[in-house]
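**Student:** Handing you this structure, nothing more for now.
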Number of protein chains: 2
Amino acid sequence: MARISYVNGRYLHHAEAMVHVEDRGYQFADGIYEYVAFYNRTLLDGPLHWRRLELSLAALAIEKPVSMAALDIVVRELIERNGREHGGLYVQVTRGVARRDHPFPKQTKPALVMTICAPKFPKPQEISQGVKVITAADQRWTRRDIKSVSLLANVLAKQEASRNQAREAWLVEADGRISEGSVSNAYIVSKSGELITHPADTHILGGVTRDVVLRLARKAGIKVSERPFTLKEAQSAAEAFITSTSANVLPVVKIDDAPVGTGRLGDVTRTLQTLYATHIFKQTGFQF
Amino acid sequence: MARISYVNGRYLHHAEAMVHVEDRGYQFADGIYEYVAFYNRTLLDGPLHWRRLELSLAALAIEKPVSMAALDIVVRELIERNGREHGGLYVQVTRGVARRDHPFPKQTKPALVMTICAPKFPKPQEISQGVKVITAADQRWTRRDIKSVSLLANVLAKQEASRNQAREAWLVEADGRISEGSVSNAYIVSKSGELITHPADTHILGGVTRDVVLRLARKAGIKVSERPFTLKEAQSAAEAFITSTSANVLPVVKIDDAPVGTGRLGDVTRTLQTLYATHIFKQTGFQF
């Protein structure tokens with residue numbers, strides 16, 4: 001089946017999915033996005049993603065390009081037309097096309113683009129044996145709570161991870177605290193079993209997977225502390241892991257080449273992996 | 001005459017100047033740009049802009065899309081086809097089109113887009129009577145020396161300026177120092193006649209107009225100190241001004257509604273305006 005993308009009201013062959021060079025997304029990174037996984041043609045945690053999309057738009061004073069009800073219809077249609085059972089839905093909204101000038105243009109319609117991609121399931125080995133992360137300076141702007149396409153700093157950090165055969169780069173702020181990964185949230189489990197992750201303030205993107213996993217953790221009686229942790233704390237933690245829409249829950253067994261805890265998948269992480277897999281199954285019927 | 005834009009090897013009617021939705025400029029702000037003024041069809045300080053373009057590309061490890069000699073030919077042709085005597089040339093280079101994934105794609109050709117726009121001359125009143133600036137928190141990433149399209153923080157600051165009927169927003173860092181404006185460099189002149197501006201490190205974009213103006217100032221015997229200054233210092237300065245490709249040299253007579261010095265165009269600023277106008281005239285034959 002051909003890959004079909006949606007651009008401002010039209011379903012197009014992906015190769016013909018084009019936007020104008022003066023779309024403010026292209027010239028100013030003046031836009032936001034969501035990436036939503038779907039299993040058995042059902043979006044995972046759709047409402048949570050749409051709520052965040054609305055928050056990101058509101059933070060930048062970008063109008064909704066279509067109603068949320070219309071968005072829902074387009075999404076179903078697009079998944080249908082791509083003929084994929086499982087995969088990823090990428091949604092981007094920008095402030096639209098206008099003569100290049102920094103301030104918000106008047107009477108410009110926001111642009112809406114959607115693409116469908118193949119699922120990015122973590123490898124079985126990553127799930128069971130864990131992944132390596134490196135650390136890198138957090139070079140991003142101060143509003144990471146907005147899911148904007150202003151992602152150049154994230155790109156550079158992720159590239160640095162790739163270059164070092166690492167799954168992810170954990171970003172270290174000037175004060176030594178770890179905010180999150182370049183494309184995922186970061187967690188440690190202390191030796192006393194406390195689950196620690198940065199609070200959802202302007203320093204991090206409040207991940208949808210993060211929200212769900214913290215809820216599942218609390219329900220399972222795990223002590224959760226939403227507070228920043230330092231690299232030093234991470235280095236002496238019992239366990240560490242990352243979460244994201246693509247990673248689900250992935251154990252981190254190495255930080256900058258030093259093992260975390262035993263260097264193997266730990267109990268808390270394994271519990272959360274199981275709970276999260278059940279969460280996916282309950283919503284979509286999909287089993288890993 | 002129709003507006004013609006250049007996109008990846010083709011001269012197109014501006015309305016048809018499109019890029020793919022998976023151009024990394026659109027999805028990741030993974031690209032850089034230059035904005036060059038031209039007068040009498042001659043680029044002002046072209047070589048300085050091209051040197052900076054090469055530095056920005058090198059900093060992001062993006063290949064040159066064409067040789068600098070070829071770029072020069074395309075620029076001339078594009079100005080010719082647009083039939084404009086004076087105006088602005090916008091050049092954007094991105095890492096190119098690839099399936100969405102943060103790390104640098106392999107074997108992707110960089111994208112090159114150019115547009116021509118009407119001149120953005122400052123108004124005579126702004127030149128002679130000065131402009132107002134507001135101050136705003138500097139929310140940008142830590143690599144402002146790269147002229148990247150990751151401009152969302154700049155957009156938000158400039159919008160705030162517009163909303164307050166100000167020409168520009170001066171960006172204040174967490175430590176109270178002013179880095180620069182959202183689209184221009186920032187300067188003050190102390191009561192003893194010392195010209196002070198932030199050094200060209202990673203905190204600011206090293207403006208081409210900045211380079212030229214500082215050279216002209218030194219040649220004219222003005223004492224130049226490249227060091228950060230605070231808002232407090234600016235508030236008690238004798239003069240203040242901004243420079244950019246669109247603003248040239250514009251006096252700042254109000255910061256957040258408090259007058260700077262006498263609240264009028266000062267001697268040092270006037271001298272630099274004259275020297276800069278002569279600089280433009282010598283290179284392009286254009287007289288304001």
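The chains in the structure tokens are called A, B, ... from first to last as shown; in each chain the residues are counted from 1, and the ligands are counted from 1 in the order shown.
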Determine, using only C-alpha atoms, which residues of chain B have any atom at most 6 Å from an atom of chain A, and tabulate each with its shortest atom pair and distance in Å to one decimal place, rows ordered by chain and then rising number, as CSV.

**Tutor:**
```
residue,atom,partner,partner_atom,distance
B:Ala17,CA,A:His20,CA,5.9
B:Met18,CA,A:His20,CA,4.3
B:Val19,CA,A:Met18,CA,5.3
B:His20,CA,A:Met18,CA,4.3
B:Val21,CA,A:Met18,CA,5.3
B:Gly25,CA,A:Tyr26,CA,5.4
B:Tyr26,CA,A:Tyr26,CA,4.3
B:Gln27,CA,A:Val149,CA,5.8
B:Phe28,CA,A:Leu151,CA,4.8
B:Ala29,CA,A:Ser150,CA,5.5
B:Asp30,CA,A:Leu152,CA,5.4
B:His102,CA,A:Val155,CA,5.0
B:Pro103,CA,A:Gln159,CA,4.4
B:Gln139,CA,A:Thr142,CA,5.1
B:Arg140,CA,A:Trp141,CA,4.5
B:Trp141,CA,A:Trp141,CA,4.1
B:Thr142,CA,A:Gln139,CA,5.1
B:Val149,CA,A:Phe28,CA,5.4
B:Ser150,CA,A:Ser150,CA,5.2
B:Leu151,CA,A:Phe28,CA,4.8
B:Leu152,CA,A:Asp30,CA,5.4
B:Val155,CA,A:His102,CA,5.0
B:Lys158,CA,A:Pro103,CA,5.6
B:Gln159,CA,A:Pro103,CA,4.4
```

**Student:** Write the residues of the selection above to a file with N, CA and C atoms, as a PDB file, in the first residue's frame.

**Tutor:**
```pdb
ATOM      1  N   ALA B  17       6.748  27.587  -4.373  1.00  0.00           N
ATOM      2  CA  ALA B  17       8.026  27.259  -3.729  1.00  0.00           C
ATOM      3  C   ALA B  17       7.750  26.387  -2.505  1.00  0.00           C
ATOM      4  N   MET B  18       7.877  25.080  -2.696  1.00  0.00           N
ATOM      5  CA  MET B  18       7.491  24.133  -1.651  1.00  0.00           C
ATOM      6  C   MET B  18       8.669  23.233  -1.275  1.00  0.00           C
ATOM      7  N   VAL B  19       8.623  22.767  -0.039  1.00  0.00           N
ATOM      8  CA  VAL B  19       9.589  21.756   0.411  1.00  0.00           C
ATOM      9  C   VAL B  19       8.798  20.579   0.989  1.00  0.00           C
ATOM     10  N   HIS B  20       9.451  19.451   1.082  1.00  0.00           N
ATOM     11  CA  HIS B  20       8.765  18.263   1.575  1.00  0.00           C
ATOM     12  C   HIS B  20       8.497  18.369   3.084  1.00  0.00           C
ATOM     13  N   VAL B  21       7.403  17.758   3.530  1.00  0.00           N
ATOM     14  CA  VAL B  21       7.070  17.828   4.963  1.00  0.00           C
ATOM     15  C   VAL B  21       8.124  17.134   5.822  1.00  0.00           C
ATOM     16  N   GLY B  25      14.325  20.722   8.176  1.00  0.00           N
ATOM     17  CA  GLY B  25      14.078  22.093   8.611  1.00  0.00           C
ATOM     18  C   GLY B  25      12.686  22.226   9.200  1.00  0.00           C
ATOM     19  N   TYR B  26      11.737  21.520   8.631  1.00  0.00           N
ATOM     20  CA  TYR B  26      10.337  21.619   9.061  1.00  0.00           C
ATOM     21  C   TYR B  26      10.072  20.833  10.340  1.00  0.00           C
ATOM     22  N   GLN B  27      10.667  19.665  10.462  1.00  0.00           N
ATOM     23  CA  GLN B  27      10.345  18.791  11.598  1.00  0.00           C
ATOM     24  C   GLN B  27      11.276  18.964  12.790  1.00  0.00           C
ATOM     25  N   PHE B  28      12.508  19.476  12.530  1.00  0.00           N
ATOM     26  CA  PHE B  28      13.505  19.520  13.617  1.00  0.00           C
ATOM     27  C   PHE B  28      14.202  20.876  13.758  1.00  0.00           C
ATOM     28  N   ALA B  29      13.854  21.859  12.932  1.00  0.00           N
ATOM     29  CA  ALA B  29      14.617  23.116  12.910  1.00  0.00           C
ATOM     30  C   ALA B  29      16.097  22.825  12.670  1.00  0.00           C
ATOM     31  N   ASP B  30      16.349  21.799  11.856  1.00  0.00           N
ATOM     32  CA  ASP B  30      17.712  21.331  11.625  1.00  0.00           C
ATOM     33  C   ASP B  30      18.278  22.031  10.389  1.00  0.00           C
ATOM     34  N   HIS B 102      15.644  11.450  14.873  1.00  0.00           N
ATOM     35  CA  HIS B 102      16.495  12.556  15.313  1.00  0.00           C
ATOM     36  C   HIS B 102      17.933  12.543  14.780  1.00  0.00           C
ATOM     37  N   PRO B 103      18.651  11.419  14.858  1.00  0.00           N
ATOM     38  CA  PRO B 103      20.069  11.495  14.454  1.00  0.00           C
ATOM     39  C   PRO B 103      20.226  11.896  12.989  1.00  0.00           C
ATOM     40  N   GLN B 139      15.166  33.166  26.651  1.00  0.00           N
ATOM     41  CA  GLN B 139      14.722  31.766  26.771  1.00  0.00           C
ATOM     42  C   GLN B 139      15.404  30.842  25.764  1.00  0.00           C
ATOM     43  N   ARG B 140      16.385  31.358  25.031  1.00  0.00           N
ATOM     44  CA  ARG B 140      16.942  30.591  23.916  1.00  0.00           C
ATOM     45  C   ARG B 140      17.887  29.477  24.346  1.00  0.00           C
ATOM     46  N   TRP B 141      18.255  28.647  23.399  1.00  0.00           N
ATOM     47  CA  TRP B 141      19.217  27.589  23.673  1.00  0.00           C
ATOM     48  C   TRP B 141      20.604  28.176  23.840  1.00  0.00           C
ATOM     49  N   THR B 142      21.589  27.321  24.102  1.00  0.00           N
ATOM     50  CA  THR B 142      22.911  27.828  24.499  1.00  0.00           C
ATOM     51  C   THR B 142      23.859  28.063  23.315  1.00  0.00           C
ATOM     52  N   VAL B 149      17.681  28.001  12.315  1.00  0.00           N
ATOM     53  CA  VAL B 149      16.266  28.359  12.184  1.00  0.00           C
ATOM     54  C   VAL B 149      15.470  27.962  13.436  1.00  0.00           C
ATOM     55  N   SER B 150      16.160  27.566  14.467  1.00  0.00           N
ATOM     56  CA  SER B 150      15.528  27.218  15.739  1.00  0.00           C
ATOM     57  C   SER B 150      15.198  28.540  16.456  1.00  0.00           C
ATOM     58  N   LEU B 151      14.191  29.247  15.932  1.00  0.00           N
ATOM     59  CA  LEU B 151      13.980  30.655  16.301  1.00  0.00           C
ATOM     60  C   LEU B 151      12.728  30.900  17.140  1.00  0.00           C
ATOM     61  N   LEU B 152      12.144  29.840  17.675  1.00  0.00           N
ATOM     62  CA  LEU B 152      10.870  30.022  18.372  1.00  0.00           C
ATOM     63  C   LEU B 152      10.985  31.002  19.546  1.00  0.00           C
ATOM     64  N   VAL B 155      11.034  34.441  18.177  1.00  0.00           N
ATOM     65  CA  VAL B 155       9.693  34.815  17.723  1.00  0.00           C
ATOM     66  C   VAL B 155       8.849  35.293  18.910  1.00  0.00           C
ATOM     67  N   LYS B 158      10.048  38.693  20.118  1.00  0.00           N
ATOM     68  CA  LYS B 158       9.729  39.774  19.170  1.00  0.00           C
ATOM     69  C   LYS B 158       8.229  40.069  19.186  1.00  0.00           C
ATOM     70  N   GLN B 159       7.428  39.031  19.342  1.00  0.00           N
ATOM     71  CA  GLN B 159       5.983  39.215  19.440  1.00  0.00           C
ATOM     72  C   GLN B 159       5.642  40.061  20.673  1.00  0.00           C
TER      73      GLN B 159
END
```

**Student:** Find the residues around Val260 in chain B up to 8 Å (only C-alpha atoms counted), leave out those fewer than 2 positions away in its own chain, and share them as an NGL selection string.

**Tutor:** :B and (234-240 or 252-255 or 258 or 262-264)

**Student:** Give me a file of those residues, with all heavy atoms, as an mmCIF file, in the first residue's frame.

**Tutor:**
```cif
data_model
loop_
_atom_site.group_PDB
_atom_site.id
_atom_site.type_symbol
_atom_site.label_atom_id
_atom_site.label_comp_id
_atom_site.auth_asym_id
_atom_site.auth_seq_id
_atom_site.Cartn_x
_atom_site.Cartn_y
_atom_site.Cartn_z
ATOM 1 N N ALA B 234 22.482 49.583 31.555
ATOM 2 C CA ALA B 234 21.805 50.149 30.383
ATOM 3 C C ALA B 234 20.904 51.299 30.805
ATOM 4 O O ALA B 234 20.807 52.317 30.116
ATOM 5 C CB ALA B 234 20.998 49.062 29.671
ATOM 6 N N GLN B 235 20.271 51.129 31.958
ATOM 7 C CA GLN B 235 19.341 52.165 32.429
ATOM 8 C C GLN B 235 20.056 53.471 32.777
ATOM 9 O O GLN B 235 19.450 54.536 32.721
ATOM 10 C CB GLN B 235 18.546 51.641 33.631
ATOM 11 C CG GLN B 235 17.417 50.692 33.204
ATOM 12 C CD GLN B 235 16.912 49.824 34.336
ATOM 13 O OE1 GLN B 235 17.612 49.612 35.330
ATOM 14 N NE2 GLN B 235 15.701 49.290 34.179
ATOM 15 N N SER B 236 21.329 53.370 33.126
ATOM 16 C CA SER B 236 22.056 54.599 33.455
ATOM 17 C C SER B 236 23.060 54.991 32.374
ATOM 18 O O SER B 236 23.949 55.814 32.614
ATOM 19 C CB SER B 236 22.763 54.426 34.807
ATOM 20 O OG SER B 236 23.709 53.388 34.702
ATOM 21 N N ALA B 237 22.903 54.405 31.186
ATOM 22 C CA ALA B 237 23.828 54.712 30.084
ATOM 23 C C ALA B 237 23.498 56.073 29.475
ATOM 24 O O ALA B 237 22.400 56.609 29.657
ATOM 25 C CB ALA B 237 23.742 53.630 29.016
ATOM 26 N N ALA B 238 24.462 56.625 28.748
ATOM 27 C CA ALA B 238 24.245 57.902 28.054
ATOM 28 C C ALA B 238 23.494 57.688 26.741
ATOM 29 O O ALA B 238 22.658 58.502 26.340
ATOM 30 C CB ALA B 238 25.594 58.563 27.786
ATOM 31 N N GLU B 239 23.817 56.574 26.066
ATOM 32 C CA GLU B 239 23.168 56.246 24.796
ATOM 33 C C GLU B 239 23.002 54.734 24.706
ATOM 34 O O GLU B 239 23.663 53.987 25.427
ATOM 35 C CB GLU B 239 24.049 56.689 23.599
ATOM 36 C CG GLU B 239 24.361 58.165 23.544
ATOM 37 C CD GLU B 239 25.269 58.521 22.346
ATOM 38 O OE1 GLU B 239 25.128 57.884 21.275
ATOM 39 O OE2 GLU B 239 26.120 59.419 22.496
ATOM 40 N N ALA B 240 22.148 54.332 23.806
ATOM 41 C CA ALA B 240 21.997 52.913 23.498
ATOM 42 C C ALA B 240 21.580 52.801 22.053
ATOM 43 O O ALA B 240 20.995 53.732 21.486
ATOM 44 C CB ALA B 240 20.967 52.266 24.416
ATOM 45 N N VAL B 252 18.384 53.601 20.516
ATOM 46 C CA VAL B 252 17.376 53.150 21.487
ATOM 47 C C VAL B 252 17.218 54.273 22.495
ATOM 48 O O VAL B 252 18.169 54.636 23.193
ATOM 49 C CB VAL B 252 17.821 51.857 22.192
ATOM 50 C CG1 VAL B 252 16.906 51.530 23.371
ATOM 51 C CG2 VAL B 252 17.855 50.698 21.195
ATOM 52 N N VAL B 253 16.020 54.853 22.566
ATOM 53 C CA VAL B 253 15.828 56.003 23.459
ATOM 54 C C VAL B 253 14.952 55.667 24.655
ATOM 55 O O VAL B 253 14.799 56.477 25.574
ATOM 56 C CB VAL B 253 15.229 57.210 22.683
ATOM 57 C CG1 VAL B 253 16.237 57.715 21.653
ATOM 58 C CG2 VAL B 253 13.900 56.847 22.028
ATOM 59 N N LYS B 254 14.408 54.459 24.657
ATOM 60 C CA LYS B 254 13.580 54.019 25.779
ATOM 61 C C LYS B 254 13.802 52.538 26.023
ATOM 62 O O LYS B 254 13.758 51.742 25.084
ATOM 63 C CB LYS B 254 12.094 54.225 25.466
ATOM 64 C CG LYS B 254 11.460 55.407 26.128
ATOM 65 C CD LYS B 254 9.962 55.366 25.917
ATOM 66 C CE LYS B 254 9.308 56.673 26.361
ATOM 67 N NZ LYS B 254 7.893 56.712 26.003
ATOM 68 N N ILE B 255 14.023 52.189 27.279
ATOM 69 C CA ILE B 255 14.063 50.771 27.651
ATOM 70 C C ILE B 255 12.956 50.560 28.675
ATOM 71 O O ILE B 255 12.985 51.173 29.758
ATOM 72 C CB ILE B 255 15.428 50.383 28.270
ATOM 73 C CG1 ILE B 255 16.569 50.689 27.290
ATOM 74 C CG2 ILE B 255 15.441 48.909 28.668
ATOM 75 C CD1 ILE B 255 17.970 50.457 27.856
ATOM 76 N N ALA B 258 11.475 53.657 30.337
ATOM 77 C CA ALA B 258 12.362 54.644 30.976
ATOM 78 C C ALA B 258 13.303 55.195 29.904
ATOM 79 O O ALA B 258 13.860 54.432 29.115
ATOM 80 C CB ALA B 258 13.153 53.990 32.092
ATOM 81 N N THR B 262 19.450 61.278 27.575
ATOM 82 C CA THR B 262 18.561 62.423 27.362
ATOM 83 C C THR B 262 17.251 62.020 26.692
ATOM 84 O O THR B 262 16.371 62.845 26.496
ATOM 85 C CB THR B 262 19.233 63.461 26.432
ATOM 86 O OG1 THR B 262 19.455 62.820 25.160
ATOM 87 C CG2 THR B 262 20.560 63.947 26.997
ATOM 88 N N GLY B 263 17.171 60.736 26.274
ATOM 89 C CA GLY B 263 15.974 60.296 25.552
ATOM 90 C C GLY B 263 16.000 60.701 24.088
ATOM 91 O O GLY B 263 14.994 60.610 23.390
ATOM 92 N N ARG B 264 17.177 61.160 23.629
ATOM 93 C CA ARG B 264 17.303 61.562 22.212
ATOM 94 C C ARG B 264 18.525 60.912 21.581
ATOM 95 O O ARG B 264 19.396 60.385 22.257
ATOM 96 C CB ARG B 264 17.464 63.088 22.126
ATOM 97 C CG ARG B 264 16.188 63.762 22.527
ATOM 98 C CD ARG B 264 16.013 65.116 21.855
ATOM 99 N NE ARG B 264 15.313 65.958 22.817
ATOM 100 C CZ ARG B 264 15.851 66.987 23.456
ATOM 101 N NH1 ARG B 264 17.086 67.367 23.189
ATOM 102 N NH2 ARG B 264 15.146 67.648 24.340
#
```

**Student:** By how many Å are CA of Val74 in chain A and CA of His13 in chain A apart?

**Tutor:**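 Value for the CA of Val74 in chain A-CA of His13 in chain A distance: 15.4 Å.
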
**Student:** List the neighbours of range 54-59 of chain A out to 7 Å using only C-alpha atoms; skip same-chain residues closer than 3 positions along the sequence, and give me the result as a PDB file with C-alpha atoms, in the first residue's frame.

**Tutor:**
```pdb
ATOM      1  CA  ILE A  32       4.333  21.980  17.673  1.00  0.00           C
ATOM      2  CA  TRP A  50      -4.615  15.534  22.231  1.00  0.00           C
ATOM      3  CA  ARG A  51      -4.742  17.277  25.589  1.00  0.00           C
ATOM      4  CA  ILE A  62      -1.569  29.093  17.782  1.00  0.00           C
ATOM      5  CA  GLU A  63      -5.200  28.471  16.867  1.00  0.00           C
ATOM      6  CA  ILE A 146       5.989  22.932  25.033  1.00  0.00           C
ATOM      7  CA  LYS A 147       6.282  20.113  22.492  1.00  0.00           C
TER       8      LYS A 147
END
```

**Student:** As a VMD selection string, please: the residues near Leu250 in chain A (cut-off 12 Å, only C-alpha atoms, same-chain neighbours under 2 positions excluded).

**Tutor:** chain A and resid 121 to 133 167 to 168 184 to 188 209 213 239 to 248 252 to 254 264 to 266 268 to 274 276 to 277

**Student:** Which residue out of B:Leu53, B:Ala118, B:Met68, B:Val91 has the minimum interatomic distance to Leu205 in chain B when only C-alpha atoms are used?

**Tutor:** B:Leu53

**Student:** When you look at Arg41 in chain A with a cut-off of 10 Å (counting only C-alpha atoms), what residues show up, excluding the ones that are within fewer than 2 positions of it in the same chain? I need them as a list in words.

**Tutor:**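 Contacts, with the query itself left out: Ala37, Phe38, Tyr39, Leu43, Leu44, Arg76, Ile79, Glu80, Gly83, Arg84, Glu85, His86, Gly87 and Thr284 of chain A.
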
**Student:** As a list in words, which residues of range 204-284 of chain A does DSSP assign to strand (DSSP E or B)?

**Tutor:**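 Of range 204-284 of chain A, the ones in strand (DSSP E or B) are Val224, Ser225, Glu226, Phe229, Thr230, Glu239, Ala240, Phe241, Ile242, Thr243, Ser244, Asn248, Val249, Leu250, Pro251, Val252, Val253, Lys254, Ile255, Ala258 and Pro259 of chain A.
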
**Student:** Report as number ranges by chain all protein, DNA and RNA residues lying within 12 Å of Ala200 in chain B, evaluated on only C-alpha atoms, omitting residues in the same chain fewer than 2 positions from it.

**Tutor:** B: 143-146, 179-180, 185-186, 197-198, 202-208, 210-211, 214, 225-228

**Student:** Mind the document's chain letters and residue numbers, and return as a VMD selection string the residues of range 41-268 of chain A that DSSP labels helix (DSSP H, G or I).

**Tutor:** chain A and resid 46 to 60 68 to 82 124 to 129 152 to 163 208 to 219 231 to 235 267 to 268

**Student:** For Asn164 in chain B, which residue among B:Ala220, B:Val189, B:Ala136, B:Ala70 is the nearest when counting only C-alpha atoms?

**Tutor:**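 Smallest distance to Asn164 in chain B is found for B:Ala136.
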